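To keep things clear, I will list the structure first and then write my remarks on it.
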Amino acid sequence: MYSDSGKMVVETTLDEPVSETIMRDLREVGAKLKLVVLPRASQAGVLDRLKEWDLWGPLLVCLCLSMTLCAAAADKQRALVFAAVFVVVWAGAAIVTLNAQLLGGTISFFQSVCVLGYSIFPLNIASLGCLILSALGAPTLLRLGLVGVSFAWATRVSVVFFSEIISEDRRALALYPVFGFYSFLSWMILIQ
């Protein structure tokens, strides 16, 4: 933006109220979750939007998954389950990201962690669903179906993204750890 005198004016948010900042960030997190929940046929705009990384959304998604899984754990194991899920999510995202970068991916570390974090959201839905189904005494087969659909959903979001940043000859090498990452999280949800 330029002033009347032709000098460049930079807008900052330093004098913005905290409540306005939080609401702006929450709207941004909601918009990115919507991209994961309702994928489009044309992924160009989605990929550009997800490349504008933030770590608030993935943190909230990770915390929700940790809390849901620790709610189903025995009293003495809740802290351990919470910490294990938290570490698995962030360490797994870091390993998948480093693998993609070593294979020549054209993405920053935080962009990839952001996409992987938001892509866990379908597994959050499965975790909450399994918690409710367990309380209702539903059969394990129903829980398995719910986790399977959520696993496919989360994997699809990540595969579309990683397919755009990794060359075709190395794509399978980049997607194998993604599959393993979501498989491990899905297994954790199933055994809750």
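Each chain in the structure tokens gets a letter, A, B, ..., in the order shown, and its residues are numbered from 1; ligands are numbered from 1 in order too.
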Margin query: Would you pick out the contacts of Arg156 in chain A at 12 Å or less, using only C-alpha atoms, so that residues sharing its chain but fewer than 3 positions from it are not included, and give the list as a VMD selection string?
Written below: chain A and resid 36 to 40 43 115 to 116 119 to 120 122 149 to 153 159 to 163 175 178 to 179 182
Please produce, as a tab-separated table, a per-residue contact table for range 44-153 of chain A versus range 186-190 of chain A (criterion: any atom at most 8 Å away, only C-alpha atoms considered), showing the nearest atom pair and its distance in Å to one decimal, sorted by chain then residue number.
```
residue	atom	partner	partner_atom	distance
A:Leu69	CA	A:Ile189	CA	6.9
A:Leu123	CA	A:Ser186	CA	7.0
A:Ala126	CA	A:Ile189	CA	7.6
A:Ser127	CA	A:Ile189	CA	5.6
A:Cys130	CA	A:Ile189	CA	7.6
A:Arg143	CA	A:Leu190	CA	7.1
A:Leu144	CA	A:Leu190	CA	6.8
A:Val147	CA	A:Ser186	CA	6.3
A:Gly148	CA	A:Ser186	CA	7.8
A:Phe151	CA	A:Ser186	CA	6.4
```
Write out, as a PDB file, in the first residue's frame, the residues just selected, with N, CA and C atoms.
```
ATOM      1  N   LEU A  69      -8.070 -39.603  22.771  1.00  0.00           N
ATOM      2  CA  LEU A  69      -7.484 -40.913  23.042  1.00  0.00           C
ATOM      3  C   LEU A  69      -7.184 -41.118  24.524  1.00  0.00           C
ATOM      4  N   LEU A 123      -9.014 -38.289  11.264  1.00  0.00           N
ATOM      5  CA  LEU A 123      -8.738 -39.269  12.313  1.00  0.00           C
ATOM      6  C   LEU A 123      -9.260 -38.786  13.666  1.00  0.00           C
ATOM      7  N   ALA A 126     -12.789 -39.836  13.659  1.00  0.00           N
ATOM      8  CA  ALA A 126     -12.860 -41.278  13.921  1.00  0.00           C
ATOM      9  C   ALA A 126     -12.622 -41.572  15.393  1.00  0.00           C
ATOM     10  N   SER A 127     -11.678 -40.876  16.003  1.00  0.00           N
ATOM     11  CA  SER A 127     -11.375 -41.098  17.416  1.00  0.00           C
ATOM     12  C   SER A 127     -12.578 -40.752  18.287  1.00  0.00           C
ATOM     13  N   CYS A 130     -15.269 -43.385  17.651  1.00  0.00           N
ATOM     14  CA  CYS A 130     -14.953 -44.656  18.322  1.00  0.00           C
ATOM     15  C   CYS A 130     -15.180 -44.559  19.823  1.00  0.00           C
ATOM     16  N   ARG A 143     -16.420 -49.887  14.422  1.00  0.00           N
ATOM     17  CA  ARG A 143     -15.287 -48.999  14.709  1.00  0.00           C
ATOM     18  C   ARG A 143     -14.207 -49.142  13.642  1.00  0.00           C
ATOM     19  N   LEU A 144     -13.957 -50.374  13.210  1.00  0.00           N
ATOM     20  CA  LEU A 144     -12.957 -50.627  12.170  1.00  0.00           C
ATOM     21  C   LEU A 144     -13.345 -49.924  10.867  1.00  0.00           C
ATOM     22  N   VAL A 147     -12.764 -46.078  11.299  1.00  0.00           N
ATOM     23  CA  VAL A 147     -11.337 -45.746  11.256  1.00  0.00           C
ATOM     24  C   VAL A 147     -10.786 -45.944   9.845  1.00  0.00           C
ATOM     25  N   GLY A 148     -11.234 -46.989   9.147  1.00  0.00           N
ATOM     26  CA  GLY A 148     -10.782 -47.231   7.775  1.00  0.00           C
ATOM     27  C   GLY A 148     -11.151 -46.097   6.832  1.00  0.00           C
ATOM     28  N   PHE A 151      -9.024 -43.096   7.778  1.00  0.00           N
ATOM     29  CA  PHE A 151      -7.649 -43.310   7.326  1.00  0.00           C
ATOM     30  C   PHE A 151      -7.528 -42.994   5.825  1.00  0.00           C
TER      31      PHE A 151
END
```
Next item on the list: Tell me which of A:Thr155, A:Thr140, A:Ser134, A:Asn124 sits closest to Cys62 in chain A, counting only C-alpha atoms.
Entry: A:Asn124
Next item on the list: Go ahead and compute the interatomic distance for CA of Ser66 in chain A and CA of Gly180 in chain A, in Å to one decimal.
Entry: 18.7 Å
Next item on the list: Could you tell me which of A:Ala93, A:Leu14, A:Leu103, A:Cys70 comes closest to Ser167 in chain A if we count only C-alpha atoms?
Entry: A:Leu103
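Among the candidate residues A:Phe181, A:Val89, A:Gln192, A:Arg24, the one lying nearest to Ala74 in chain A is A:Gln192, with distances computed using only C-alpha atoms.
Each of A:Leu55, A:Val87, A:Leu65, A:Ala100 was checked against Arg171 in chain A using only C-alpha atoms; the smallest atom-to-atom distance is that of A:Ala100.
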Next item on the list: Would you return as a PyMOL selection string the members of range 21-151 of chain A that DSSP assigns to alpha helix (DSSP H) on this structure's backbone?
Entry: chain A and resi 21-37+44-50+56-71+78-102+109-119+121-136+140-151
Notebook entry, point to check: Between CA of Phe86 in chain A and CA of Cys114 in chain A, what is the distance, to one decimal in Å?
Noted result: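 Interatomic distance, CA of Phe86 in chain A to CA of Cys114 in chain A: 14.7 Å.
The gap separating CA of Thr106 in chain A from CA of Lys32 in chain A is 20.5 Å, in Å to one decimal.
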Item checked: Shell around Val113 in chain A at 9 Å using only C-alpha atoms, local window under 5 positions removed, as a PyMOL selection string -> chain A and resi 53+55+58+90+93-94+96-97+108+118
Only C-alpha atoms, please: the residues just picked out, written as a tab-separated table (two decimals), in the first residue's frame.
```tsv
chain	number	residue	atom	x	y	z
A	53	TRP	CA	1.34	-22.50	6.73
A	55	LEU	CA	0.98	-24.26	13.32
A	58	PRO	CA	-2.20	-28.61	13.57
A	90	TRP	CA	4.91	-34.22	15.75
A	93	ALA	CA	5.20	-35.26	10.76
A	94	ALA	CA	8.85	-34.22	11.04
A	96	VAL	CA	7.64	-37.54	6.75
A	97	THR	CA	8.62	-33.94	6.00
A	108	SER	CA	9.32	-25.84	3.33
A	118	TYR	CA	-4.51	-30.57	9.22
```
